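Q: Have a look at this one before I ask anything.
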Amino acid sequence: MALFSKKTTLVHNITYMAIMTAINLIFIVLDTYVPFLMVLLILLLPFVSAVVSYFCQKRYYIIYAVASIGLCMIFNIADTIFYIVPALCSGFVIGLLLDKKIHPFWMILSSTLIEVALTYAFIPLINLMTNTDMVMTFLTIFHLNEFAFKEELMHLFILFIALTQCSITHFVLLTEIKKLG
């Protein structure tokens, strides 16, 4: 089974999704035990979902999403909700729009907006579940907790991460698809 080729049979689709679900699980386990790898991992998460969305049949994507969320929640519920769920949604949108041959600007814009919206939606939930302020945690990591414009910086950081994730995903997928014809 070629890694970057369209999957046509049920067995190929399920096998490919299982491999990609395992990759998502490895990302969450690495993030749980080696926290400084978080930045690298969050940039790669939408790529895995976009690959599944583009190369597999769309009707099976829900199986991949549920399996990824379920398995990743075993190790870290907060990171699964904060990283995996938005990456699954934005990756699906990228793969779907790439399949429909939508202009890259609209593809990146729509997936970035979905990523940002889901991130903002999940911040209060994560804060409630973990009893810690996720935004303040990020600001403390970068030694910006005393910064005067930390609210504005938070919005820029979320937008920057989402835009970077979606741009990297789109760039890599587009170059691979062009190589494959």
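Order determines the names: the first chain of the structure tokens is A, the second B, and so forth; residues in each chain are numbered 1 upward, and ligands are numbered 1 upward as they are shown.
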If you count only C-alpha atoms, which residues fall within 8 Å of Thr32 (chain A), apart from same-chain ones fewer than 4 positions away, as a PDB file with all heavy atoms, in the first residue's frame?
A:
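around.pdb, written as the output of this step:
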ATOM      1  N   ILE A  28       0.401  12.484  20.930  1.00  0.00           N
ATOM      2  CA  ILE A  28      -0.134  12.809  22.261  1.00  0.00           C
ATOM      3  C   ILE A  28       0.740  12.197  23.359  1.00  0.00           C
ATOM      4  O   ILE A  28       1.007  12.832  24.379  1.00  0.00           O
ATOM      5  CB  ILE A  28      -1.600  12.347  22.385  1.00  0.00           C
ATOM      6  CG1 ILE A  28      -2.498  13.263  21.565  1.00  0.00           C
ATOM      7  CG2 ILE A  28      -2.062  12.319  23.823  1.00  0.00           C
ATOM      8  CD1 ILE A  28      -2.522  14.718  22.035  1.00  0.00           C
ATOM      9  N   PHE A  75      -4.651   8.797  27.115  1.00  0.00           N
ATOM     10  CA  PHE A  75      -3.400   9.327  27.652  1.00  0.00           C
ATOM     11  C   PHE A  75      -3.526  10.737  28.197  1.00  0.00           C
ATOM     12  O   PHE A  75      -2.942  11.049  29.225  1.00  0.00           O
ATOM     13  CB  PHE A  75      -2.301   9.278  26.580  1.00  0.00           C
ATOM     14  CG  PHE A  75      -1.800   7.906  26.338  1.00  0.00           C
ATOM     15  CD1 PHE A  75      -2.316   7.155  25.309  1.00  0.00           C
ATOM     16  CD2 PHE A  75      -0.846   7.339  27.165  1.00  0.00           C
ATOM     17  CE1 PHE A  75      -1.879   5.861  25.097  1.00  0.00           C
ATOM     18  CE2 PHE A  75      -0.405   6.058  26.958  1.00  0.00           C
ATOM     19  CZ  PHE A  75      -0.930   5.314  25.921  1.00  0.00           C
ATOM     20  N   ASN A  76      -4.248  11.604  27.500  1.00  0.00           N
ATOM     21  CA  ASN A  76      -4.297  12.991  27.937  1.00  0.00           C
ATOM     22  C   ASN A  76      -5.563  13.646  27.394  1.00  0.00           C
ATOM     23  O   ASN A  76      -5.618  14.013  26.215  1.00  0.00           O
ATOM     24  CB  ASN A  76      -3.049  13.725  27.450  1.00  0.00           C
ATOM     25  CG  ASN A  76      -2.830  15.018  28.166  1.00  0.00           C
ATOM     26  OD1 ASN A  76      -3.778  15.683  28.566  1.00  0.00           O
ATOM     27  ND2 ASN A  76      -1.568  15.396  28.330  1.00  0.00           N
TER      28      ASN A  76
END
Q: As a list in words, please: the residues near Leu88 (chain A) (cut-off 10 Å, only C-alpha atoms, same-chain neighbours under 6 positions excluded).
A: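 These residues fall inside the cut-off: Asn24, Leu45, Pro46, Phe47, Val48, Ser49, Ala50, Val52, Ser53, Tyr61, Ile62, Tyr64, Ala65, Val66, Ser68, Ile69, Ile94 and Glu115 of chain A.
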Q: With only C-alpha atoms as the counted atoms, please give the residues lying no more than 12 Å from Phe122 (chain A), apart from itself and same-chain residues fewer than 2 positions off, as a list in words.
A: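 Surrounding residues, per the criterion: Ile77, Ala78, Asp79, Thr80, Ile81, Phe82, Tyr83, Ile84, Val85, Pro86, Glu115, Val116, Ala117, Leu118, Thr119, Tyr120, Pro124, Leu125, Ile126, Asn127, Leu128, Met129, Asp133, Met134 and Val135 of chain A.
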Q: Restricted to N, CA and C atoms, what would the selected residues look like written as an mmCIF file, in the first residue's frame?
A:
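Saved file part-v4.cif follows:
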data_model
loop_
_atom_site.group_PDB
_atom_site.id
_atom_site.type_symbol
_atom_site.label_atom_id
_atom_site.label_comp_id
_atom_site.auth_asym_id
_atom_site.auth_seq_id
_atom_site.Cartn_x
_atom_site.Cartn_y
_atom_site.Cartn_z
ATOM 1 N N ILE A 77 -6.550 13.805 28.233
ATOM 2 C CA ILE A 77 -7.839 14.334 27.795
ATOM 3 C C ILE A 77 -7.719 15.793 27.372
ATOM 4 N N ALA A 78 -7.013 16.584 28.149
ATOM 5 C CA ALA A 78 -6.922 18.019 27.849
ATOM 6 C C ALA A 78 -6.208 18.265 26.520
ATOM 7 N N ASP A 79 -5.095 17.613 26.288
ATOM 8 C CA ASP A 79 -4.373 17.798 25.027
ATOM 9 C C ASP A 79 -5.161 17.268 23.839
ATOM 10 N N THR A 80 -5.915 16.205 24.059
ATOM 11 C CA THR A 80 -6.753 15.677 22.979
ATOM 12 C C THR A 80 -7.796 16.703 22.566
ATOM 13 N N ILE A 81 -8.446 17.301 23.537
ATOM 14 C CA ILE A 81 -9.472 18.291 23.218
ATOM 15 C C ILE A 81 -8.845 19.551 22.630
ATOM 16 N N PHE A 82 -7.723 19.971 23.152
ATOM 17 C CA PHE A 82 -7.117 21.231 22.739
ATOM 18 C C PHE A 82 -6.345 21.126 21.431
ATOM 19 N N TYR A 83 -5.739 19.977 21.135
ATOM 20 C CA TYR A 83 -4.908 19.835 19.939
ATOM 21 C C TYR A 83 -5.505 18.920 18.880
ATOM 22 N N ILE A 84 -5.954 17.740 19.277
ATOM 23 C CA ILE A 84 -6.393 16.737 18.307
ATOM 24 C C ILE A 84 -7.714 17.122 17.649
ATOM 25 N N VAL A 85 -8.707 17.521 18.429
ATOM 26 C CA VAL A 85 -10.020 17.815 17.855
ATOM 27 C C VAL A 85 -9.962 18.968 16.847
ATOM 28 N N PRO A 86 -9.341 20.112 17.166
ATOM 29 C CA PRO A 86 -9.234 21.148 16.129
ATOM 30 C C PRO A 86 -8.419 20.703 14.909
ATOM 31 N N GLU A 115 -9.815 26.347 12.856
ATOM 32 C CA GLU A 115 -8.845 26.042 13.921
ATOM 33 C C GLU A 115 -8.915 27.083 15.046
ATOM 34 N N VAL A 116 -8.969 28.359 14.669
ATOM 35 C CA VAL A 116 -9.040 29.438 15.667
ATOM 36 C C VAL A 116 -10.347 29.360 16.450
ATOM 37 N N ALA A 117 -11.455 29.151 15.756
ATOM 38 C CA ALA A 117 -12.757 29.081 16.432
ATOM 39 C C ALA A 117 -12.808 27.925 17.424
ATOM 40 N N LEU A 118 -12.311 26.769 17.028
ATOM 41 C CA LEU A 118 -12.323 25.628 17.932
ATOM 42 C C LEU A 118 -11.368 25.821 19.109
ATOM 43 N N THR A 119 -10.240 26.455 18.860
ATOM 44 C CA THR A 119 -9.309 26.723 19.955
ATOM 45 C C THR A 119 -9.945 27.639 20.988
ATOM 46 N N TYR A 120 -10.592 28.719 20.523
ATOM 47 C CA TYR A 120 -11.275 29.615 21.454
ATOM 48 C C TYR A 120 -12.422 28.907 22.173
ATOM 49 N N PRO A 124 -12.074 27.602 27.509
ATOM 50 C CA PRO A 124 -12.792 27.530 28.799
ATOM 51 C C PRO A 124 -13.005 26.101 29.284
ATOM 52 N N LEU A 125 -13.239 25.177 28.368
ATOM 53 C CA LEU A 125 -13.437 23.780 28.755
ATOM 54 C C LEU A 125 -12.162 23.193 29.355
ATOM 55 N N ILE A 126 -11.031 23.469 28.738
ATOM 56 C CA ILE A 126 -9.751 22.970 29.253
ATOM 57 C C ILE A 126 -9.453 23.606 30.606
ATOM 58 N N ASN A 127 -9.708 24.907 30.746
ATOM 59 C CA ASN A 127 -9.490 25.585 32.024
ATOM 60 C C ASN A 127 -10.360 24.979 33.118
ATOM 61 N N LEU A 128 -11.591 24.629 32.771
ATOM 62 C CA LEU A 128 -12.498 24.028 33.742
ATOM 63 C C LEU A 128 -12.052 22.614 34.115
ATOM 64 N N MET A 129 -11.610 21.852 33.127
ATOM 65 C CA MET A 129 -11.213 20.459 33.381
ATOM 66 C C MET A 129 -9.921 20.349 34.184
ATOM 67 N N ASP A 133 -5.220 27.880 34.053
ATOM 68 C CA ASP A 133 -5.458 28.789 32.944
ATOM 69 C C ASP A 133 -4.467 28.455 31.824
ATOM 70 N N MET A 134 -4.978 27.891 30.718
ATOM 71 C CA MET A 134 -4.106 27.471 29.606
ATOM 72 C C MET A 134 -3.349 28.657 29.018
ATOM 73 N N VAL A 135 -4.023 29.786 28.902
ATOM 74 C CA VAL A 135 -3.385 30.961 28.312
ATOM 75 C C VAL A 135 -2.236 31.428 29.187
#
Q: What does the structure give for the distance between CA of Ile19 (chain A) and CA of Tyr54 (chain A), in Å to one decimal?
A: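 Calculated distance between CA of Ile19 (chain A) and CA of Tyr54 (chain A) is 15.0 Å.
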Q: Under the rule that only C-alpha atoms are counted, which of A:Ile141, A:Ile63, A:Ile102, A:Val51 is the nearest residue to Met38 (chain A)?
A: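 So, comparing all the options, the nearest one is A:Ile141.
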